[in-house]
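Novice: Before I ask anything, here is the structure I am working with.
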Amino acid sequence: MMQERIGESWNSPAPPDDKPILTIAATFTAEPIEESIAFWFRKLNLPFGIQFAPYNQVFQELIGTETLLFRNRNGVNLVLLRLQDWQKGGSLSQATDEFIAVLTTAAAQSAVPYVVCLCPPSPDAAGATEIANAEKTIAAAFAERTTVHVVTSIDVNEIYNVGEYYSPHTDEIGHIPYTTPYFTALGTMVARRIWALRSRPHKVIALDCDGTLWNGTCGEDGPDGVEFGPACTALQEFMVKQAEAGMLLCICSKNSPQDVFAVFDRRRDEMPLRREHIVSWRVNWTAKSENLRSLAKELDLGLDSVIMVDDSPIECAEIEANAPEVLTLKLPTEPQRIPTFLRRIWAFDHFKVTGEDKQRTEHYRANAQRETVRSASPTLEDFLRGLELEVEVRPLDASQLERVAQLTQRTNQFNVSGIRRTVSELQEFCERGGADCLVVKVRDRFGDYGLVGVVIYETKADALVVDSFMLSCRALGRRVEHRMLAELGARATRLGLGRVDVPFSPSPKNKPARDFLESLGREPQCGDDGRMLFRFASDGAVALGEHRPVNPLLQKQA
């Protein structure tokens, strides 16, 4: 089995009575992929069952309402397509268009996400250009869709080039077109996608400098003496792409700051990675584990959100011993292995990138300016007035589903329930009678925080009951959470409901949410399982929004 680095971020297993299922439909005999996928499910402690749809029944499975794909309510649907198989039955272009149409409809009705793997044709297949164009058409059709994730044959080959992938003998006798190594690679890629869908992602990459971003020692060789070999350039290019996908890049190096930043300034034209990509840094002679704790605190993130990339086995060992929550990656000694090594790190996977992700570095830069204002403000009220804060609370729009699902997966500190949801699960919940979802957008004079808050609730006979109530850490402490609860009170009042109920499920990380609820002076009802229920009179909740240090004219609501 190929060597993979995954990380320690997958979610806890689902209860045995709610076992998720991976349902597989394919245009060929796909059962050989099961061994590889099952291996990774055991490795990741993901309690998935695996079931196969009938042979070569992809269209029937997508169209029917009693099929395995349609009935899958908890898990993932996997579709394996070898487009060459559709050439035998007529027009590949027509089949491609029909597939896009039926999958679009099926995905909109599905409670689970779809993963579509476009598998390679045989080496001697006719119409290679036509097949390649069909792959591109399918990938483009679902690039912006949040419930369908496409893996192309190029994606698999770039990470797992197994050489001999085609098996003519088994293809002829049993329509099993691939070798065992390729089925292993394909199963590994599927497992990566499923793991990414169910895991809490890392958010920060901390980078060493000497021996990592460049060859040589900047303090001894000087900014003009360090070298950028192909491996260093590839690593920097890789990290720029990570920043574009929403990762926060930091420098953590035992060096003098003037030496490090002299390289960034003097060799700017040779470096893909620029100073503007770096959100923060710790360049000193302190232990790196201590510096990583300091960076995490500054960014208001947990240590388990951090990936450290370093070439030194001694430094890596120190971090692993004193900050074990960090995913510490020691680069290979052989430079030529570094690009492949980086591609094999599952924690670097970003299969769907939202607009919020792309703006994350700018969000943190603006936050640094806010902290400057905070330090100069005599009181919290002065600080909030100086921000000129605007808060907008409105119903969820379909275009925001991906971001809202992302918040449910990533928000840990201010999250009263800890419920994680995929896009399809959000859609299904909001389609219930009496259920609704509100989103919260915030901006101030330094910039736009973006969509940072979510409230999901249901209306019962006598109360508005909160299902999820969460706020990104970058908006905490600005009375946005008070405004969110006030909006719930206003909605409950309009519906003639006397109270707002907020169930709270404690976790190791969500104490800020509990502190907020307790700060409002309500004694919770406590259950034997540790869960709490905070109840607020509707008019009392509304009043929480009346004392706020921002201009009421700036407050918007649906």
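Residue names in the structure tokens use chain letters A, B, ... in the order shown, residue numbers from 1 in each chain, and ligand numbers from 1 in the order shown.
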Taking the chain letters and numbering used in this document, name the residues of range 51-134 of chain A that DSSP puts in strand (DSSP E or B), as an MDAnalysis selection string.

Specialist: chainID A and resid 51:52 75:82 114:119

Novice: Could you save those same residues with C-alpha atoms as a short mmCIF file (atom, residue, chain, number, x, y, z; two decimals), in the first residue's frame?

Specialist:
```cif
data_model
loop_
_atom_site.label_atom_id
_atom_site.label_comp_id
_atom_site.auth_asym_id
_atom_site.auth_seq_id
_atom_site.Cartn_x
_atom_site.Cartn_y
_atom_site.Cartn_z
CA GLN A 51 -22.64 -1.51 -1.48
CA PHE A 52 -22.60 -1.85 -5.27
CA GLY A 75 -23.09 8.53 3.42
CA VAL A 76 -21.78 9.18 -0.09
CA ASN A 77 -22.78 8.12 -3.61
CA LEU A 78 -19.87 7.23 -5.87
CA VAL A 79 -20.20 7.09 -9.66
CA LEU A 80 -17.32 5.55 -11.63
CA LEU A 81 -17.40 6.45 -15.32
CA ARG A 82 -15.21 5.10 -18.08
CA TYR A 114 -21.98 12.59 -5.00
CA VAL A 115 -18.38 11.83 -5.97
CA VAL A 116 -17.88 11.24 -9.71
CA CYS A 117 -14.63 9.59 -10.81
CA LEU A 118 -13.82 9.87 -14.52
CA CYS A 119 -11.68 6.80 -15.18
#
```

Novice: What's the 8 Å shell around Val442 in chain A, counting only C-alpha atoms, without same-chain residues fewer than 3 positions away, as a list in words?

Specialist: Leu389, Glu390, Val391, Glu392, Asp448, Tyr449, Gly450, Leu451, Val452 and Ala475 of chain A

Novice: Please compute the CA of Gly453 in chain A-CA of Leu485 in chain A distance, one decimal, in Å.

Specialist: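 Separation of CA of Gly453 in chain A and CA of Leu485 in chain A: 11.4 Å.
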
Novice: Could you check how far CA of Glu518 in chain A sits from CA of Pro503 in chain A, in Å to one decimal?

Specialist: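 The value is 12.5 Å.
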
Novice: Write out as a ChimeraX atom specification each polymer residue whose atoms come within 8 Å of Ile176 in chain A, counting only C-alpha atoms; drop sequence neighbours fewer than 6 positions from it.

Specialist: /A:28-30,167,170

Novice: Mind giving me the straight-line distance from CA of Ala26 in chain A to CA of Gly187 in chain A in Å, one decimal?

Specialist: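 Computed distance, CA of Ala26 in chain A to CA of Gly187 in chain A, equals 13.4 Å.
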
Novice: For range 128-132 of chain A, find every residue with an atom within 12 Å (counting only C-alpha atoms), except residues of its own chain fewer than 5 positions away, and show them as JSON, numbers by chain.

Specialist: {"A": [81, 82, 83, 84, 85, 86, 87, 91, 92, 93, 94, 95, 96, 118, 119, 120, 121, 122, 123, 137, 138, 139, 152, 153, 154]}

Novice: Tell me which protein, DNA and RNA residues are within 9 Å of range 313-324 of chain A, counting only C-alpha atoms, leaving out same-chain ones fewer than 4 positions away, and put them as a list of chain:residue names.

Specialist: A:Ala287, A:Lys288, A:Ser289, A:Glu290, A:Leu292, A:Arg293, A:Leu303, A:Asp304, A:Met308, A:Val309, A:Thr328, A:Leu329, A:Lys330, A:Leu331

Novice: Given the selection you just returned, output its residues as a file containing C-alpha atoms, formatted as a JSON list (two decimals), in the first residue's frame.

Specialist:
```json
[["chain", "number", "residue", "atom", "x", "y", "z"],
["A", 287, "ALA", "CA", 11.43, 26.92, 20.73],
["A", 288, "LYS", "CA", 9.19, 26.43, 17.73],
["A", 289, "SER", "CA", 6.49, 24.72, 19.78],
["A", 290, "GLU", "CA", 6.21, 27.88, 21.87],
["A", 292, "LEU", "CA", 3.37, 27.94, 17.23],
["A", 293, "ARG", "CA", 1.30, 28.35, 20.40],
["A", 303, "LEU", "CA", -3.13, 24.27, 17.70],
["A", 304, "ASP", "CA", -4.85, 21.39, 15.91],
["A", 308, "MET", "CA", 4.21, 22.86, 10.44],
["A", 309, "VAL", "CA", 6.56, 22.24, 7.48],
["A", 328, "THR", "CA", 4.26, 18.32, 11.87],
["A", 329, "LEU", "CA", 5.67, 17.45, 8.45],
["A", 330, "LYS", "CA", 9.36, 16.81, 7.96],
["A", 331, "LEU", "CA", 10.36, 17.33, 4.35]]
```

Novice: Could you pull the residues within 9 Å of Tyr160 in chain A, counting only C-alpha atoms, minus those fewer than 5 positions along the same chain, as a PyMOL selection string?

Specialist: chain A and resi 2+155+182+185-186+189+344

Novice: Pick out the closest residue to Leu213 in chain A from this set: A:Ala262, A:Ala296, A:Met271, A:Leu103. Count only C-alpha atoms.

Specialist: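 Of A:Ala262, A:Ala296, A:Met271, A:Leu103, the one nearest Leu213 in chain A, counting only C-alpha atoms, is A:Met271.
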
Novice: Compile the contact shell of range 366-379 of chain A as a list in words: residues with an atom at most 7 Å away, counting only C-alpha atoms, same-chain residues fewer than 4 positions apart removed.

Specialist: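 Skipping anything fewer than 4 positions along the chain leaves Glu362, Phe383, Phe446 and Gly447 of chain A.
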
Novice: Which is closer to Val263 in chain A than all the others in A:Val226, A:Ile173, A:Leu544, A:Val58, using only C-alpha atoms?

Specialist: A:Val226
